[in-house]
$ cat data-v3.txt   # compact mmCIF, C-alpha atoms
# COMPACT_ATOMS: atom_id res chain seq x y z
CA MET A 256 -31.74 -135.94 -7.37
CA THR A 257 -31.34 -135.29 -3.71
CA SER A 258 -33.41 -132.47 -2.42
CA PRO A 259 -31.57 -129.71 -0.45
CA GLU A 260 -31.67 -129.91 3.28
CA ASP A 261 -34.30 -127.94 5.09
CA PRO A 262 -32.94 -124.66 6.48
CA LEU A 263 -32.00 -124.57 10.14
CA PRO A 264 -34.16 -122.69 12.57
CA PRO A 265 -32.98 -119.03 13.02
CA GLU A 266 -31.79 -119.64 16.57
CA LEU A 267 -29.43 -122.39 15.27
CA SER A 268 -28.25 -120.54 12.18
CA PRO A 269 -24.44 -119.86 12.15
CA ARG A 270 -25.16 -116.56 10.40
CA ALA A 271 -27.40 -115.40 13.20
CA GLN A 272 -24.88 -116.40 15.85
CA ALA A 273 -22.05 -114.63 13.98
CA ALA A 274 -24.18 -111.52 13.56
CA ARG A 275 -24.81 -111.40 17.27
CA LEU A 276 -21.04 -111.48 17.81
CA GLY A 277 -20.50 -108.69 15.27
CA GLY A 278 -18.82 -110.89 12.62
CA VAL A 279 -21.48 -110.86 9.89
CA PRO A 280 -23.43 -107.92 8.48
CA LYS A 281 -27.06 -107.94 9.39
CA GLU A 282 -28.18 -108.41 5.80
CA GLN A 283 -26.24 -111.70 5.70
CA ALA A 284 -27.55 -112.98 9.03
CA ASP A 285 -30.94 -113.99 7.50
CA PRO A 286 -30.55 -116.67 4.84
CA SER A 287 -33.75 -115.51 3.23
CA ALA A 288 -32.10 -112.11 2.51
CA GLY A 289 -30.00 -113.78 -0.17
CA GLY A 290 -26.71 -112.73 1.32
CA ALA A 291 -23.88 -115.23 1.07
CA TYR A 292 -22.06 -116.15 4.22
CA ARG A 293 -18.47 -117.18 3.97
CA ALA A 294 -17.08 -118.99 6.92
CA GLY A 295 -14.05 -117.39 8.59
CA ARG A 296 -14.88 -113.87 7.42
CA ARG A 297 -15.75 -111.22 9.99
CA GLY A 298 -16.95 -107.70 9.57
CA ARG A 299 -14.31 -105.03 9.05
CA ARG A 300 -13.10 -103.08 12.08
CA LYS A 301 -11.66 -99.60 12.26
CA ALA A 302 -7.96 -99.44 11.47
CA ALA A 303 -5.57 -98.90 14.42
CA GLY A 304 -3.56 -95.66 14.81
CA GLY A 305 -6.38 -93.24 14.21
CA PRO A 306 -6.95 -89.74 15.62
CA LYS A 307 -7.34 -91.03 19.18
CA ARG A 308 -3.84 -92.56 19.21
CA ARG A 309 -2.32 -89.41 17.68
CA ARG A 310 -3.97 -87.29 20.37
CA SER A 311 -2.65 -89.61 23.05
CA ARG A 312 0.88 -89.35 21.65
CA SER A 313 0.69 -85.53 21.59
CA LYS A 314 -0.46 -85.47 25.21
CA THR A 315 2.50 -87.67 26.19
CA LEU A 316 4.96 -85.39 24.44
CA LEU A 317 3.45 -82.29 26.06
CA LEU A 318 3.60 -83.94 29.46
CA ALA A 319 7.26 -84.90 28.96
CA LEU A 320 8.08 -81.36 27.83
CA GLY A 321 6.30 -79.91 30.88
CA VAL A 322 8.24 -82.19 33.22
CA LEU A 323 11.50 -81.18 31.54
CA VAL A 324 10.69 -77.47 31.93
CA VAL A 325 9.86 -77.96 35.61
CA LEU A 326 13.12 -79.84 36.18
CA VAL A 327 15.13 -77.08 34.48
CA LEU A 328 13.40 -74.42 36.58
CA LEU A 329 14.09 -76.41 39.75
CA VAL A 330 17.79 -76.73 38.83
CA VAL A 331 18.04 -73.00 38.07
CA ALA A 332 16.22 -72.05 41.27
CA GLY A 333 18.30 -74.47 43.31
CA THR A 334 21.54 -73.15 41.84
CA TRP A 335 20.43 -69.56 42.47
CA ILE A 336 19.57 -70.26 46.13
CA TRP A 337 22.78 -72.26 46.64
CA ALA A 338 24.93 -69.51 45.11
CA ASP A 339 23.20 -66.75 47.08
CA GLY A 340 23.84 -68.62 50.30
CA ARG A 341 27.53 -69.01 49.47
CA LEU A 342 28.25 -65.28 49.16
CA THR A 343 30.71 -63.84 51.67
CA LYS A 344 29.24 -60.61 53.02
CA VAL A 345 30.75 -57.79 55.06
CA ALA A 346 29.31 -54.66 56.67
CA ALA A 347 31.04 -52.39 54.16
CA ILE A 348 28.28 -49.79 53.75
CA THR A 349 26.83 -47.92 56.71
CA ASP A 350 24.99 -44.67 57.28
CA TYR A 351 26.72 -41.75 59.02
CA SER A 352 26.23 -38.06 59.51
CA GLY A 353 26.99 -36.08 56.35
CA ARG A 354 26.81 -39.07 54.00
CA PRO A 355 26.09 -38.13 50.35
CA ALA A 356 22.43 -38.44 49.44
CA ASN A 357 21.22 -41.39 47.43
CA GLY A 358 21.28 -40.18 43.82
CA PRO A 359 19.72 -41.62 40.65
CA GLY A 360 21.30 -44.76 39.26
CA THR A 361 23.34 -47.40 41.06
CA ASN A 362 27.01 -47.24 42.12
CA TRP A 363 29.30 -50.17 42.91
CA LEU A 364 32.70 -49.81 44.57
CA ILE A 365 35.09 -52.40 43.09
CA VAL A 366 38.16 -53.28 45.12
CA GLY A 367 41.05 -55.54 44.18
CA SER A 368 42.92 -56.50 47.35
CA ASP A 369 46.41 -57.97 47.57
CA SER A 370 45.37 -60.48 50.21
CA ARG A 371 47.60 -63.54 50.19
CA ALA A 372 45.29 -65.54 52.44
CA GLY A 373 45.29 -69.22 51.54
CA LEU A 374 48.44 -69.07 49.40
CA THR A 375 51.29 -71.44 50.11
CA LYS A 376 54.88 -70.21 49.95
CA GLN A 377 55.29 -71.97 46.63
CA GLN A 378 52.18 -70.24 45.23
CA GLN A 379 53.43 -66.87 46.49
CA GLN A 380 56.66 -67.43 44.57
CA GLU A 381 54.90 -68.66 41.43
CA LEU A 382 52.53 -65.67 41.41
CA HIS A 383 55.29 -63.17 42.33
CA VAL A 384 53.17 -61.67 45.12
CA GLY A 385 55.63 -61.81 48.00
CA SER A 386 54.73 -62.78 51.55
CA ASP A 387 53.41 -59.53 53.06
CA THR A 388 50.87 -60.15 55.80
CA GLY A 389 49.12 -56.79 55.51
CA VAL A 390 46.17 -56.21 53.20
CA ASN A 391 46.20 -53.32 50.74
CA THR A 392 44.31 -52.56 47.57
CA ASP A 393 45.77 -52.34 44.08
CA THR A 394 42.46 -51.50 42.43
CA ILE A 395 39.75 -48.98 43.35
CA MET A 396 36.96 -48.36 40.85
CA VAL A 397 33.41 -47.04 40.82
CA LEU A 398 30.95 -48.59 38.37
CA HIS A 399 27.93 -46.38 37.70
CA LYS A 400 24.71 -47.66 36.16
CA GLY A 401 22.48 -44.86 34.94
CA SER A 402 20.30 -43.51 32.18
CA ASN A 403 23.27 -42.43 30.03
CA GLY A 404 25.03 -45.78 29.84
CA PRO A 405 27.45 -47.39 32.32
CA VAL A 406 30.58 -45.54 33.47
CA LEU A 407 33.65 -47.19 34.98
CA MET A 408 35.77 -44.69 36.93
CA SER A 409 39.18 -45.63 38.32
CA ILE A 410 40.66 -43.97 41.39
CA PRO A 411 44.48 -44.13 41.52
CA ARG A 412 45.56 -46.02 44.63
CA ASP A 413 48.14 -43.32 45.41
CA SER A 414 45.55 -40.52 45.46
CA TYR A 415 46.35 -38.20 48.37
CA VAL A 416 43.05 -37.56 50.15
CA THR A 417 41.52 -36.98 53.56
CA ILE A 418 40.85 -40.18 55.51
CA PRO A 419 37.81 -39.64 57.80
CA ALA A 420 38.07 -40.13 61.54
CA TYR A 421 37.63 -43.74 62.61
CA THR A 422 38.17 -46.20 65.44
CA ASP A 423 40.33 -49.21 64.63
CA SER A 424 39.69 -52.82 65.61
CA GLY A 425 41.73 -52.34 68.76
CA GLY A 426 39.47 -49.54 69.97
CA THR A 427 41.93 -46.71 69.24
CA ALA A 428 40.36 -43.55 67.83
CA HIS A 429 42.05 -41.83 64.89
CA ALA A 430 41.35 -38.26 63.82
CA ALA A 431 40.75 -37.33 60.20
CA HIS A 432 44.08 -37.01 58.38
CA LYS A 433 45.69 -36.89 54.94
CA ASP A 434 47.06 -40.08 53.39
CA LYS A 435 46.97 -42.21 50.26
CA ILE A 436 43.50 -43.54 49.62
CA ASN A 437 44.60 -47.19 49.79
CA ALA A 438 45.69 -46.55 53.39
CA ALA A 439 42.00 -46.36 54.29
CA PHE A 440 41.57 -49.98 53.27
CA ALA A 441 44.73 -51.08 55.08
CA SER A 442 43.76 -49.24 58.28
CA GLY A 443 39.99 -49.67 58.50
CA GLY A 444 39.02 -52.27 55.92
CA PRO A 445 36.07 -52.04 53.52
CA GLN A 446 33.95 -49.79 55.75
CA LEU A 447 36.58 -47.06 56.05
CA LEU A 448 37.42 -47.26 52.34
CA VAL A 449 33.75 -46.85 51.40
CA LYS A 450 33.41 -43.87 53.71
CA THR A 451 36.63 -42.32 52.36
CA VAL A 452 35.49 -42.66 48.74
CA GLU A 453 32.06 -41.24 49.54
CA THR A 454 33.33 -38.25 51.54
CA THR A 455 36.09 -37.34 49.08
CA THR A 456 34.00 -37.73 45.90
CA GLY A 457 30.48 -36.91 47.07
CA ILE A 458 29.25 -40.08 45.33
CA HIS A 459 26.76 -42.26 47.20
CA LEU A 460 27.86 -45.89 46.99
CA ASP A 461 25.16 -48.58 46.89
CA HIS A 462 27.21 -51.77 46.74
CA TYR A 463 30.68 -53.14 47.45
CA THR A 464 32.55 -55.92 45.60
CA GLU A 465 36.06 -57.16 46.49
CA VAL A 466 38.29 -59.84 44.99
CA GLY A 467 41.79 -60.95 46.02
CA PHE A 468 44.84 -62.33 44.22
CA THR A 469 43.71 -65.95 44.26
CA GLY A 470 40.25 -64.93 43.10
CA VAL A 471 41.54 -63.50 39.84
CA VAL A 472 43.57 -66.62 39.13
CA ASN A 473 40.81 -69.09 39.97
CA ILE A 474 38.00 -67.23 38.18
CA VAL A 475 39.98 -66.85 34.96
CA ASN A 476 41.04 -70.50 34.97
CA ALA A 477 37.44 -71.60 35.57
CA LEU A 478 36.37 -69.56 32.53
CA GLY A 479 39.00 -71.25 30.39
CA GLY A 480 41.04 -68.06 30.05
CA VAL A 481 40.35 -64.48 28.99
CA PRO A 482 40.94 -63.40 25.37
CA ILE A 483 42.61 -59.98 25.20
CA CYS A 484 44.68 -57.93 22.75
CA LEU A 485 47.76 -56.08 23.97
CA SER A 486 48.97 -53.05 22.04
CA ALA A 487 52.51 -53.56 23.36
CA PRO A 488 54.46 -56.29 25.16
CA VAL A 489 54.16 -56.37 28.95
CA VAL A 490 57.37 -57.55 30.59
CA ASP A 491 57.94 -56.97 34.30
CA SER A 492 60.27 -58.82 36.65
CA ARG A 493 58.34 -57.80 39.78
CA SER A 494 54.99 -59.17 38.67
CA GLY A 495 56.52 -61.93 36.55
CA ALA A 496 54.71 -60.75 33.43
CA ASP A 497 56.14 -61.78 30.06
CA LEU A 498 53.31 -61.13 27.63
CA LYS A 499 53.69 -60.53 23.91
CA ALA A 500 51.90 -57.84 21.94
CA GLY A 501 48.79 -58.86 20.03
CA CYS A 502 45.74 -61.01 20.67
CA GLN A 503 46.03 -63.94 23.03
CA THR A 504 44.17 -65.83 25.74
CA LEU A 505 45.52 -65.28 29.24
CA ASN A 506 45.35 -67.92 31.93
CA GLY A 507 44.82 -67.05 35.58
CA THR A 508 48.46 -66.44 36.45
CA GLN A 509 49.05 -64.30 33.36
CA SER A 510 45.92 -62.27 34.10
CA LEU A 511 47.12 -61.52 37.63
CA GLN A 512 50.53 -60.53 36.26
CA LEU A 513 48.91 -58.12 33.80
CA VAL A 514 46.70 -56.32 36.32
CA ARG A 515 49.56 -56.01 38.84
CA THR A 516 52.25 -54.72 36.46
CA ARG A 517 53.04 -51.02 36.83
CA TYR A 518 56.77 -50.39 37.30
CA SER A 519 57.69 -51.23 33.70
CA LEU A 520 54.79 -49.31 32.15
CA PRO A 521 55.19 -45.80 30.66
CA ASP A 522 52.84 -44.08 33.14
CA SER A 523 53.23 -46.57 35.99
CA ASP A 524 49.96 -46.77 37.92
CA LEU A 525 47.93 -44.86 35.31
CA SER A 526 48.95 -47.34 32.61
CA ARG A 527 48.10 -50.18 34.97
CA ILE A 528 44.65 -48.66 35.52
CA GLN A 529 43.98 -48.81 31.78
CA ASN A 530 45.03 -52.45 31.68
CA GLN A 531 42.84 -53.24 34.69
CA GLN A 532 39.80 -51.58 33.15
CA GLN A 533 40.16 -53.38 29.85
CA PHE A 534 40.88 -56.71 31.52
CA LEU A 535 37.71 -56.49 33.63
CA GLN A 536 35.69 -55.74 30.51
CA ALA A 537 37.26 -58.69 28.67
CA MET A 538 36.56 -60.99 31.61
CA ALA A 539 32.95 -59.75 31.79
CA LYS A 540 32.50 -60.79 28.16
CA GLN A 541 33.63 -64.29 29.05
CA VAL A 542 31.27 -64.42 32.01
CA VAL A 543 28.13 -63.42 30.09
CA ARG A 544 28.74 -65.51 26.97
CA PRO A 545 26.29 -68.43 26.42
CA GLY A 546 29.18 -70.92 26.55
CA THR A 547 29.58 -70.14 30.24
CA TRP A 548 25.96 -70.27 31.39
CA LEU A 549 24.73 -73.12 29.17
CA ASN A 550 27.65 -75.45 29.86
CA PRO A 551 27.45 -76.92 33.39
CA PHE A 552 31.09 -78.02 33.17
CA THR A 553 32.05 -74.34 32.89
CA LEU A 554 29.24 -72.75 34.90
CA TYR A 555 29.68 -74.60 38.18
CA PRO A 556 33.50 -74.32 38.35
CA PHE A 557 33.11 -70.59 37.58
CA LEU A 558 30.45 -70.12 40.26
CA ASN A 559 32.56 -72.01 42.78
CA ALA A 560 35.63 -69.89 42.00
CA ALA A 561 33.68 -66.62 42.08
CA LEU A 562 31.79 -67.41 45.27
CA ASP A 563 34.98 -68.49 47.02
CA SER A 564 36.74 -65.28 45.93
CA LEU A 565 34.21 -62.45 46.16
CA THR A 566 33.35 -60.39 49.21
CA VAL A 567 30.26 -58.18 48.93
CA ASP A 568 28.20 -55.84 51.08
CA GLN A 569 25.28 -57.17 53.09
CA GLY A 570 22.73 -55.78 50.65
CA THR A 571 24.15 -57.62 47.64
CA GLY A 572 22.65 -60.87 46.37
CA MET A 573 22.89 -62.89 43.18
CA TRP A 574 20.49 -60.58 41.34
CA THR A 575 22.66 -57.58 42.20
CA LEU A 576 25.78 -59.43 41.04
CA ALA A 577 24.04 -60.36 37.79
CA GLN A 578 23.27 -56.67 37.19
CA PHE A 579 26.87 -55.81 38.06
CA GLY A 580 28.21 -58.30 35.50
CA ARG A 581 25.84 -57.00 32.84
CA GLN A 582 26.97 -53.40 33.39
CA MET A 583 30.64 -54.42 33.28
CA TYR A 584 29.97 -56.08 29.94
CA GLN A 585 28.14 -53.05 28.57
CA VAL A 586 30.92 -50.64 29.58
CA SER A 587 32.96 -51.96 26.65
CA GLY A 588 30.11 -51.20 24.23
CA SER A 589 29.36 -48.01 22.35
CA GLY A 590 27.21 -46.66 25.19
CA GLY A 591 29.78 -47.26 27.94
CA LYS A 592 32.68 -45.13 29.14
CA THR A 593 35.88 -45.72 31.11
CA VAL A 594 37.58 -42.80 32.83
CA THR A 595 40.14 -42.04 35.53
CA VAL A 596 39.85 -39.26 38.08
CA PRO A 597 41.50 -36.20 36.45
CA LEU A 598 44.85 -35.38 38.05
CA ALA A 599 46.67 -32.14 38.78
CA THR A 600 50.02 -33.88 39.28
CA GLN A 601 51.45 -37.40 39.32
CA ASP A 602 54.61 -36.41 41.16
CA TYR A 603 53.44 -35.09 44.51
CA THR A 604 55.63 -35.79 47.54
CA THR A 605 53.75 -36.12 50.82
CA PRO A 606 55.05 -34.58 54.09
CA SER A 607 56.27 -38.06 55.04
CA GLY A 608 58.26 -38.30 51.80
CA ALA A 609 55.99 -40.75 49.95
CA SER A 610 55.10 -40.37 46.27
CA ALA A 611 51.46 -39.64 45.56
CA VAL A 612 49.08 -38.09 43.02
CA LEU A 613 46.78 -35.10 43.45
CA TRP A 614 43.37 -34.76 41.84
CA SER A 615 42.46 -31.82 39.64
CA SER A 616 40.05 -29.87 41.84
CA SER A 617 37.84 -28.64 38.99
CA GLY A 618 38.06 -31.70 36.72
CA SER A 619 37.43 -34.22 39.48
CA ALA A 620 34.57 -32.19 40.97
CA THR A 621 32.81 -32.11 37.60
CA LEU A 622 33.25 -35.84 37.07
CA PHE A 623 32.01 -36.71 40.55
CA ASP A 624 28.97 -34.45 40.19
CA GLU A 625 28.05 -36.02 36.83
CA ILE A 626 28.16 -39.53 38.28
CA GLN A 627 26.32 -38.66 41.48
CA ASN A 628 23.52 -36.91 39.58
CA ASP A 629 23.46 -39.35 36.64
CA ARG A 630 24.36 -36.81 33.99
CA PRO A 631 26.36 -37.56 30.81
CA VAL A 632 30.05 -37.81 31.68
CA THR A 633 32.11 -35.23 29.82
CA ALA A 634 35.56 -36.37 30.99
CA LYS A 635 37.84 -37.75 28.34
CA THR A 636 37.66 -41.51 27.89
CA ASN A 637 40.85 -43.34 28.80
CA PRO A 638 43.01 -44.40 25.86
CA SER A 639 42.87 -48.13 25.36
CA GLY A 640 46.08 -49.84 26.35
CA THR A 641 44.38 -53.21 25.80
CA THR A 642 41.12 -54.29 24.29
CA GLY A 643 39.10 -57.40 24.93
CA SER A 644 38.56 -59.51 21.84

$ encode --input "data-v3.txt" --output "structure tokens"
Amino acid sequence: MTSPEDPLPPELSPRAQAARLGGVPKEQADPSAGGAYRAGRRGRRKAAGGPKRRRSRSKTLLLALGVLVVLVLLVVAGTWIWADGRLTKVAAITDYSGRPANGPGTNWLIVGSDSRAGLTKQQQQELHVGSDTGVNTDTIMVLHKGSNGPVLMSIPRDSYVTIPAYTDSGGTAHAAHKDKINAAFASGGPQLLVKTVETTTGIHLDHYTEVGFTGVVNIVNALGGVPICLSAPVVDSRSGADLKAGCQTLNGTQSLQLVRTRYSLPDSDLSRIQNQQQFLQAMAKQVVRPGTWLNPFTLYPFLNAALDSLTVDQGTGMWTLAQFGRQMYQVSGSGGKTVTVPLATQDYTTPSGASAVLWSSSGSATLFDEIQNDRPVTAKTNPSGTTGS
């Protein structure tokens, strides 16, 4: 028999070399230890995908989420700054001797002007707005934000009041005189209208917001329409309105027709006031809904339309407008109230022969005092001619 070969020196042993490289357990590196070495086998290594890789993946996800949040914040901040810079501002509110004191709460003067600026002749015909070059106001409202819930008070445009003394753009001085309240806007613009409302009501106004004919049309169209429910049909040849009774979604042109219609309504301007109040509440619901603010294809067209259409006082920014929209939305809730200045007569004839309305001295004084001093309004809520859906 052939005797087995003599063992190799340790430094030449394959086991020892493999052990040094980490491929053979130490107990198998020494042949004298009795361990069997099998060529091609290496020591087991830790399996991949352990806790370290899971921690790395979590860090990556957190980093991606952080970047996304930062990008969203940058977009929101950029949009906010862009929108704030686009606001058209006017010196509507100024201090003067005898101005009502600043009371609790916040008061906005809302004005709907009949400006036809920017309208072509074809658009004037389609919207039934005529071609008058003067600027008047069809809507005058005061929105009060206070501790007893928001209050939206309408002032009839034909209210016969005292217009304070003023100097017109041509430098001609005019003494205080009696006239319809919308004449203040036509004669002296926003500043004279603000002063007239403050001096006749005793209510301190904090902010001013104005929108014209085209603004209503463009804002409503950008929102995709305004859902509203009419208690009766609204048909009027002067405004072009031909709206059925019941729930429907109005486009921009139909919305303008609704808020302008008065001659065919039972109480003329008072019925129109009710429609205007309810329309503004319905539109506010569309503005604050998530579908507007979370959808960029709705949000940016709406912001463009609103910023192109609104005129505000110099102290109003995007935050103030956001608060304004929130209060308009809440007016339609259980804690809100819509009222009109109480009237003594709707059939007053002025010395010049014009038709006007006169306020109830006691009823209006009580209402104005409650708003100015932020007390619960006791005036009767307007009946709802329309309701937002």

$ atom_distance --input "data-v3.txt" --atom1 "atom CA of Phe440 of chain A" --atom2 "atom CA of Lys540 of chain A"
28.8 Å

$ closest_atom_pairs --input "data-v3.txt" --of "segment 446-552 of chain A" --to "segment 602-607 of chain A" --cutoff "12 Å" --atoms "all atoms listed in the file" --output "CSV"
residue,atom,partner,partner_atom,distance
A:Asp522,CA,A:Asp602,CA,11.2
A:Ser523,CA,A:Asp602,CA,11.5
A:Asp524,CA,A:Asp602,CA,11.8

$ closest_residue --input "data-v3.txt" --among "A:Ser442, A:Thr595, A:Thr427, A:Asn362" --to "Lys400 of chain A" --atoms "only C-alpha atoms"
A:Asn362

$ residues_around --input "data-v3.txt" --residues "Gln585 of chain A" --least-positions-apart "5" --cutoff "10 Å" --atoms "all atoms listed in the file" --output "PyMOL selection string"
chain A and resi 400+404-406+536+539-540+579-580+590-592

$ residues_near_point --input "data-v3.txt" --point "(50.8, -55.0, 23.6)" --cutoff "8 Å" --atoms "only C-alpha atoms" --output "MDAnalysis selection string"
chainID A and resid 484:489 498:501 640:641

$ closest_residue --input "data-v3.txt" --among "A:Gly321, A:Gly570, A:Pro482, A:Pro545" --to "Cys502 of chain A" --atoms "only C-alpha atoms"
A:Pro482

$ residues_around --input "data-v3.txt" --residues "Gln532 of chain A" --least-positions-apart "6" --cutoff "8 Å" --atoms "all atoms listed in the file" --output "VMD selection string"
chain A and resid 407 409 593

$ atom_distance --input "data-v3.txt" --atom1 "atom CA of Thr621 of chain A" --atom2 "atom CA of Pro597 of chain A"
9.7 Å

$ atom_distance --input "data-v3.txt" --atom1 "atom CA of Val475 of chain A" --atom2 "atom CA of Gln533 of chain A"
14.4 Å

$ residues_around --input "data-v3.txt" --residues "Leu598 of chain A" --least-positions-apart "2" --cutoff "6 Å" --atoms "all atoms listed in the file" --output "PyMOL selection string"
chain A and resi 600+613-615

$ residues_around --input "data-v3.txt" --residues "Ser352 of chain A" --least-positions-apart "5" --cutoff "12 Å" --atoms "all atoms listed in the file" --output "VMD selection string"
chain A and resid 419 450 453 to 454

$ closest_residue --input "data-v3.txt" --among "A:Arg341, A:His429, A:Arg527, A:His462" --to "Gln569 of chain A" --atoms "only C-alpha atoms"
A:His462

$ closest_residue --input "data-v3.txt" --among "A:Arg312, A:Arg412, A:Asp434, A:Val324" --to "Ala609 of chain A" --atoms "only C-alpha atoms"
A:Asp434

$ closest_residue --input "data-v3.txt" --among "A:Ser610, A:Ala496, A:Phe552, A:Thr343" --to "Ser414 of chain A" --atoms "all atoms listed in the file"
A:Ser610

$ residues_near_point --input "data-v3.txt" --point "(42.0, -41.7, 54.9)" --cutoff "6 Å" --atoms "all atoms listed in the file" --output "PyMOL selection string"
chain A and resi 417-419+434+436+439+451

$ write_last_selection --input "data-v3.txt" --atoms "C-alpha atoms" --output "PDB file, in the coordinates of the input"
ATOM      1  CA  THR A 417      41.520 -36.980  53.560  1.00  0.00           C
ATOM      2  CA  ILE A 418      40.850 -40.180  55.510  1.00  0.00           C
ATOM      3  CA  PRO A 419      37.810 -39.640  57.800  1.00  0.00           C
ATOM      4  CA  ASP A 434      47.060 -40.080  53.390  1.00  0.00           C
ATOM      5  CA  ILE A 436      43.500 -43.540  49.620  1.00  0.00           C
ATOM      6  CA  ALA A 439      42.000 -46.360  54.290  1.00  0.00           C
ATOM      7  CA  THR A 451      36.630 -42.320  52.360  1.00  0.00           C
TER       8      THR A 451
END

$ closest_residue --input "data-v3.txt" --among "A:Asn559, A:Gln378, A:Thr571, A:Ser616" --to "Trp337 of chain A" --atoms "all atoms listed in the file"
A:Asn559

$ axis_aligned_box --input "data-v3.txt" --around "segment 452-469 of chain A" --padding-each-side "8 Å" --output "lines of an AutoDock Vina configuration file"
center_x = 35.0
center_y = -51.4
center_z = 47.9
size_x = 35.7
size_y = 45.0
size_z = 23.3

$ residues_around --input "data-v3.txt" --residues "Asp568 of chain A" --least-positions-apart "2" --cutoff "6 Å" --atoms "only C-alpha atoms" --output "VMD selection string"
chain A and resid 344 to 347 463 570 to 571
